[in-house]
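With PDB, C-alpha atoms (C1' of nucleotides) inside, this is structure00.pdb:
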ATOM      1  CA  MET A 293      41.849 117.326  95.740  1.00  0.00           C
ATOM      2  CA  GLU A 294      41.432 113.608  95.710  1.00  0.00           C
ATOM      3  CA  SER A 295      44.463 113.084  93.546  1.00  0.00           C
ATOM      4  CA  ARG A 296      46.792 112.374  96.376  1.00  0.00           C
ATOM      5  CA  PHE A 297      49.200 110.954  93.825  1.00  0.00           C
ATOM      6  CA  PHE A 298      50.650 114.350  92.963  1.00  0.00           C
ATOM      7  CA  GLN A 299      50.719 115.401  96.614  1.00  0.00           C
ATOM      8  CA  ASP A 300      52.649 112.281  97.514  1.00  0.00           C
ATOM      9  CA  VAL A 301      55.046 112.916  94.670  1.00  0.00           C
ATOM     10  CA  TYR A 302      55.751 116.428  95.912  1.00  0.00           C
ATOM     11  CA  GLU A 303      56.187 115.152  99.436  1.00  0.00           C
ATOM     12  CA  VAL A 304      58.709 112.513  98.415  1.00  0.00           C
ATOM     13  CA  VAL A 305      60.613 114.961  96.226  1.00  0.00           C
ATOM     14  CA  ARG A 306      60.887 117.381  99.129  1.00  0.00           C
ATOM     15  CA  LEU A 307      62.300 114.568 101.239  1.00  0.00           C
ATOM     16  CA  ILE A 308      65.183 114.049  98.841  1.00  0.00           C
ATOM     17  CA  PRO A 309      68.351 114.963 100.780  1.00  0.00           C
ATOM     18  CA  LYS A 310      70.554 117.682  99.375  1.00  0.00           C
ATOM     19  CA  GLY A 311      73.178 116.313  97.060  1.00  0.00           C
ATOM     20  CA  ARG A 312      71.055 113.287  96.256  1.00  0.00           C
ATOM     21  CA  VAL A 313      68.808 112.443  93.326  1.00  0.00           C
ATOM     22  CA  THR A 314      66.153 109.932  92.427  1.00  0.00           C
ATOM     23  CA  SER A 315      64.182 108.835  89.404  1.00  0.00           C
ATOM     24  CA  TYR A 316      60.580 109.230  88.322  1.00  0.00           C
ATOM     25  CA  GLY A 317      60.164 105.498  88.266  1.00  0.00           C
ATOM     26  CA  ALA A 318      61.498 105.159  91.818  1.00  0.00           C
ATOM     27  CA  ILE A 319      58.948 107.645  93.087  1.00  0.00           C
ATOM     28  CA  ALA A 320      56.190 105.986  91.125  1.00  0.00           C
ATOM     29  CA  ALA A 321      57.234 102.624  92.524  1.00  0.00           C
ATOM     30  CA  TYR A 322      57.269 104.026  96.048  1.00  0.00           C
ATOM     31  CA  LEU A 323      53.714 105.232  95.532  1.00  0.00           C
ATOM     32  CA  GLY A 324      52.792 101.764  94.340  1.00  0.00           C
ATOM     33  CA  ALA A 325      52.218 102.773  90.734  1.00  0.00           C
ATOM     34  CA  LYS A 326      55.438 102.208  88.886  1.00  0.00           C
ATOM     35  CA  LYS A 327      53.373 101.932  85.736  1.00  0.00           C
ATOM     36  CA  SER A 328      52.502 105.588  86.131  1.00  0.00           C
ATOM     37  CA  SER A 329      56.042 106.869  86.010  1.00  0.00           C
ATOM     38  CA  ARG A 330      54.937 109.342  83.366  1.00  0.00           C
ATOM     39  CA  MET A 331      52.524 110.843  85.845  1.00  0.00           C
ATOM     40  CA  VAL A 332      55.444 111.624  88.143  1.00  0.00           C
ATOM     41  CA  GLY A 333      56.966 113.690  85.388  1.00  0.00           C
ATOM     42  CA  TYR A 334      53.643 115.330  84.837  1.00  0.00           C
ATOM     43  CA  ALA A 335      53.435 116.081  88.536  1.00  0.00           C
ATOM     44  CA  MET A 336      56.812 117.776  88.311  1.00  0.00           C
ATOM     45  CA  ASN A 337      55.463 119.918  85.520  1.00  0.00           C
ATOM     46  CA  ASN A 338      52.614 120.910  87.791  1.00  0.00           C
ATOM     47  CA  SER A 339      55.006 121.373  90.700  1.00  0.00           C
ATOM     48  CA  HIS A 340      55.848 124.830  89.419  1.00  0.00           C
ATOM     49  CA  GLN A 341      52.453 126.064  90.492  1.00  0.00           C
ATOM     50  CA  GLN A 342      52.648 124.425  93.895  1.00  0.00           C
ATOM     51  CA  PRO A 343      52.714 126.714  96.970  1.00  0.00           C
ATOM     52  CA  ASP A 344      55.779 124.954  98.353  1.00  0.00           C
ATOM     53  CA  TYR A 345      59.036 124.685  96.486  1.00  0.00           C
ATOM     54  CA  VAL A 346      59.697 121.285  94.971  1.00  0.00           C
ATOM     55  CA  PRO A 347      63.339 120.416  94.157  1.00  0.00           C
ATOM     56  CA  ALA A 348      62.401 118.829  90.877  1.00  0.00           C
ATOM     57  CA  HIS A 349      65.988 119.186  89.720  1.00  0.00           C
ATOM     58  CA  ARG A 350      66.805 116.252  91.993  1.00  0.00           C
ATOM     59  CA  VAL A 351      64.490 114.065  89.975  1.00  0.00           C
ATOM     60  CA  VAL A 352      65.702 112.602  86.713  1.00  0.00           C
ATOM     61  CA  ASN A 353      64.910 109.599  84.586  1.00  0.00           C
ATOM     62  CA  ARG A 354      66.262 106.125  85.255  1.00  0.00           C
ATOM     63  CA  VAL A 355      69.431 106.845  83.300  1.00  0.00           C
ATOM     64  CA  GLY A 356      70.217 109.969  85.283  1.00  0.00           C
ATOM     65  CA  MET A 357      69.592 112.248  82.333  1.00  0.00           C
ATOM     66  CA  LEU A 358      68.239 115.748  82.885  1.00  0.00           C
ATOM     67  CA  THR A 359      65.296 115.292  80.595  1.00  0.00           C
ATOM     68  CA  GLY A 360      63.355 118.167  82.126  1.00  0.00           C
ATOM     69  CA  LYS A 361      66.097 120.735  82.420  1.00  0.00           C
ATOM     70  CA  HIS A 362      64.312 122.875  79.865  1.00  0.00           C
ATOM     71  CA  PHE A 363      61.478 123.323  82.334  1.00  0.00           C
ATOM     72  CA  PHE A 364      63.732 125.147  84.785  1.00  0.00           C
ATOM     73  CA  GLY A 365      64.956 127.846  82.518  1.00  0.00           C
ATOM     74  CA  PRO A 366      66.281 128.702  79.089  1.00  0.00           C
ATOM     75  CA  GLY A 367      69.799 127.682  80.092  1.00  0.00           C
ATOM     76  CA  ASN A 368      71.306 124.855  82.122  1.00  0.00           C
ATOM     77  CA  GLU A 369      69.774 126.054  85.344  1.00  0.00           C
ATOM     78  CA  MET A 370      68.895 122.552  86.424  1.00  0.00           C
ATOM     79  CA  GLN A 371      72.450 121.383  85.904  1.00  0.00           C
ATOM     80  CA  THR A 372      73.741 124.402  87.791  1.00  0.00           C
ATOM     81  CA  LEU A 373      71.516 123.623  90.748  1.00  0.00           C
ATOM     82  CA  LEU A 374      72.729 120.027  90.819  1.00  0.00           C
ATOM     83  CA  GLU A 375      76.382 121.001  90.560  1.00  0.00           C
ATOM     84  CA  LYS A 376      75.805 123.483  93.354  1.00  0.00           C
ATOM     85  CA  GLU A 377      74.804 120.533  95.502  1.00  0.00           C
ATOM     86  CA  GLY A 378      77.929 118.626  94.578  1.00  0.00           C
ATOM     87  CA  ILE A 379      76.433 116.561  91.791  1.00  0.00           C
ATOM     88  CA  LEU A 380      78.521 116.593  88.645  1.00  0.00           C
ATOM     89  CA  VAL A 381      76.681 116.675  85.363  1.00  0.00           C
ATOM     90  CA  LYS A 382      78.157 115.841  81.989  1.00  0.00           C
ATOM     91  CA  ASP A 383      76.251 115.995  78.728  1.00  0.00           C
ATOM     92  CA  ASP A 384      72.942 116.417  80.594  1.00  0.00           C
ATOM     93  CA  LYS A 385      73.662 113.239  82.495  1.00  0.00           C
ATOM     94  CA  ILE A 386      74.563 112.818  86.144  1.00  0.00           C
ATOM     95  CA  ILE A 387      78.001 111.349  86.706  1.00  0.00           C
ATOM     96  CA  ASN A 388      78.003 108.381  89.110  1.00  0.00           C
ATOM     97  CA  PHE A 389      74.234 108.615  89.162  1.00  0.00           C
ATOM     98  CA  LYS A 390      74.141 105.231  90.825  1.00  0.00           C
ATOM     99  CA  GLU A 391      76.049 106.580  93.812  1.00  0.00           C
ATOM    100  CA  PHE A 392      73.917 109.690  94.182  1.00  0.00           C
ATOM    101  CA  PHE A 393      70.719 107.734  93.679  1.00  0.00           C
ATOM    102  CA  TRP A 394      68.296 108.045  96.579  1.00  0.00           C
ATOM    103  CA  ASP A 395      65.666 105.341  96.702  1.00  0.00           C
ATOM    104  CA  PRO A 396      62.603 106.470  98.712  1.00  0.00           C
ATOM    105  CA  GLN A 397      61.499 102.882  99.034  1.00  0.00           C
ATOM    106  CA  LYS A 398      64.769 102.090 100.738  1.00  0.00           C
ATOM    107  CA  GLU A 399      65.452 105.286 102.682  1.00  0.00           C
ATOM    108  CA  LEU A 400      61.885 105.872 103.781  1.00  0.00           C
ATOM    109  CA  THR A 401      60.075 103.240 105.776  1.00  0.00           C
ATOM    110  CA  VAL A 402      57.997 101.182 103.404  1.00  0.00           C
TER     111      VAL A 402
ATOM    112  C1'  DC B 264      33.621 112.756  74.305  1.00  0.00           C
ATOM    113  C1'  DG B 265      37.582 111.012  71.246  1.00  0.00           C
ATOM    114  C1'  DA B 266      42.403 111.944  69.942  1.00  0.00           C
ATOM    115  C1'  DT B 267      46.891 113.595  71.126  1.00  0.00           C
ATOM    116  C1'  DT B 268      50.676 114.427  74.229  1.00  0.00           C
ATOM    117  C1'  DG B 269      54.338 113.640  77.690  1.00  0.00           C
ATOM    118  C1'  DA B 270      59.990 115.750  83.082  1.00  0.00           C
ATOM    119  C1'  DC B 271      59.085 107.419  81.871  1.00  0.00           C
ATOM    120  C1'  DG B 272      60.207 102.641  81.488  1.00  0.00           C
ATOM    121  C1'  DT B 273      60.334  98.124  79.477  1.00  0.00           C
ATOM    122  C1'  DA B 274      60.352  95.077  75.523  1.00  0.00           C
ATOM    123  C1'  DC B 275      61.802  93.876  71.092  1.00  0.00           C
ATOM    124  C1'  DG B 276      64.502  93.783  66.622  1.00  0.00           C
TER     125       DG B 276
ATOM    126  C1'  DT C  21      74.824  98.227  71.735  1.00  0.00           C
ATOM    127  C1'  DC C  22      71.471 101.350  69.629  1.00  0.00           C
ATOM    128  C1'  DG C  23      66.994 102.673  67.810  1.00  0.00           C
ATOM    129  C1'  DT C  24      62.025 101.936  67.607  1.00  0.00           C
ATOM    130  C1'  DA C  25      57.493 100.425  69.477  1.00  0.00           C
ATOM    131  C1'  DC C  26      54.290 100.125  72.913  1.00  0.00           C
ATOM    132  C1'  DG C  27      51.910 100.492  77.522  1.00  0.00           C
ATOM    133  C1'  DC C  28      50.245 103.630  81.565  1.00  0.00           C
ATOM    134  C1'  DC C  29      47.404 107.381  83.091  1.00  0.00           C
ATOM    135  C1'  DA C  30      46.210 112.132  83.617  1.00  0.00           C
ATOM    136  C1'  DA C  31      45.809 116.568  81.308  1.00  0.00           C
ATOM    137  C1'  DT C  32      45.007 119.158  77.249  1.00  0.00           C
ATOM    138  C1'  DC C  33      43.182 120.045  72.530  1.00  0.00           C
TER     139       DC C  33
END

Can you give me the file's structure in the form of structure tokens?
Amino acid sequence: MESRFFQDVYEVVRLIPKGRVTSYGAIAAYLGAKKSSRMVGYAMNNSHQQPDYVPAHRVVNRVGMLTGKHFFGPGNEMQTLLEKEGILVKDDKIINFKEFFWDPQKELTV
DNA sequence: CGATTGACGTACG
DNA sequence: TCGTACGCCAATC
């Protein structure tokens, strides 16, 4: 697979510490393609068929909204997973998202 | 091969 | 402040 973009996305997502979250755009920016933020979301969609588990529930949009919660299950499974990690979610949005935000570009060596 | 779509983000009115 | 329009790029129809 030459598309190392997806692989990098999965790798970064796996590196997200428990109880922390990040955004699609942040990951895209870390990979040097912030214009392709949509591809990050697409990668998440494909992450379900990846051999290794990808904590996609720790990835939300720039506002901290659980836009892809429907991809986890019929109910609020994504929200449940986040709350289980200590992240409070209200109205499909992460409370204090700014505090829980984990910037790969900042945490990981650029 | 062209058109449409999408787990985003920014710009504009 | 809120809603709409558009750009990006890969996958799907």

field: Distance filter 10 Å, only C-alpha atoms (C1' of nucleotides), chain A against chain C, as a ChimeraX atom specification
entry: /A:325-331,334-335

query: If we count all atoms listed in the file, which residues of chain B reach to within 10 Å of chain A? Please list them as a PyMOL selection string.
result: chain B and resi 269-272

query: How far is it from CA of Gly324 in chain A to CA of Gln342 in chain A, in Å with one decimal?
result: 22.7 Å

Is it possible to get the axis-aligned box enclosing chain B (all listed atoms, 3 Å extra per side) as AutoDock Vina command-line options, with centre and edge lengths in Å rounded to one decimal?
--center_x 49.1 --center_y 104.8 --center_z 74.9 --size_x 36.9 --size_y 28.0 --size_z 22.5

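The space between CA of Pro343 in chain A and CA of Asp300 in chain A spans 14.4 Å.
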
message: One decimal, in Å: what's the spacing between CA of Leu307 in chain A and CA of Asp384 in chain A?
response: 23.3 Å

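Selection check: the PyMOL selection byres ((chain A and resi 397) around 12) on the shown file gives Val304, Leu307, Ile308, Thr314, Ser315, Gly317, Ala318, Ile319, Ala320, Ala321, Tyr322, Leu323, Gly324, Lys326, Phe393, Trp394, Asp395, Pro396, Lys398, Glu399, Leu400, Thr401 and Val402 of chain A.
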
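If you measure from each of A:Ser295, A:Asn338, A:Asp344, A:Gly311 to Ile386 in chain A using only C-alpha atoms, the closest one turns out to be A:Gly311.
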
Which residues, named as in the file, does the PyMOL selection byres ((chain A and resi 381) around 12) pick out? Answer as a PDB file with C-alpha atoms, keeping the file's coordinate frame.
ATOM      1  CA  VAL A 313      68.808 112.443  93.326  1.00  0.00           C
ATOM      2  CA  HIS A 349      65.988 119.186  89.720  1.00  0.00           C
ATOM      3  CA  ARG A 350      66.805 116.252  91.993  1.00  0.00           C
ATOM      4  CA  VAL A 352      65.702 112.602  86.713  1.00  0.00           C
ATOM      5  CA  GLY A 356      70.217 109.969  85.283  1.00  0.00           C
ATOM      6  CA  MET A 357      69.592 112.248  82.333  1.00  0.00           C
ATOM      7  CA  LEU A 358      68.239 115.748  82.885  1.00  0.00           C
ATOM      8  CA  LYS A 361      66.097 120.735  82.420  1.00  0.00           C
ATOM      9  CA  ASN A 368      71.306 124.855  82.122  1.00  0.00           C
ATOM     10  CA  GLU A 369      69.774 126.054  85.344  1.00  0.00           C
ATOM     11  CA  MET A 370      68.895 122.552  86.424  1.00  0.00           C
ATOM     12  CA  GLN A 371      72.450 121.383  85.904  1.00  0.00           C
ATOM     13  CA  THR A 372      73.741 124.402  87.791  1.00  0.00           C
ATOM     14  CA  LEU A 373      71.516 123.623  90.748  1.00  0.00           C
ATOM     15  CA  LEU A 374      72.729 120.027  90.819  1.00  0.00           C
ATOM     16  CA  GLU A 375      76.382 121.001  90.560  1.00  0.00           C
ATOM     17  CA  LYS A 376      75.805 123.483  93.354  1.00  0.00           C
ATOM     18  CA  GLU A 377      74.804 120.533  95.502  1.00  0.00           C
ATOM     19  CA  GLY A 378      77.929 118.626  94.578  1.00  0.00           C
ATOM     20  CA  ILE A 379      76.433 116.561  91.791  1.00  0.00           C
ATOM     21  CA  LEU A 380      78.521 116.593  88.645  1.00  0.00           C
ATOM     22  CA  LYS A 382      78.157 115.841  81.989  1.00  0.00           C
ATOM     23  CA  ASP A 383      76.251 115.995  78.728  1.00  0.00           C
ATOM     24  CA  ASP A 384      72.942 116.417  80.594  1.00  0.00           C
ATOM     25  CA  LYS A 385      73.662 113.239  82.495  1.00  0.00           C
ATOM     26  CA  ILE A 386      74.563 112.818  86.144  1.00  0.00           C
ATOM     27  CA  ILE A 387      78.001 111.349  86.706  1.00  0.00           C
ATOM     28  CA  ASN A 388      78.003 108.381  89.110  1.00  0.00           C
ATOM     29  CA  PHE A 389      74.234 108.615  89.162  1.00  0.00           C
ATOM     30  CA  PHE A 392      73.917 109.690  94.182  1.00  0.00           C
TER      31      PHE A 392
END
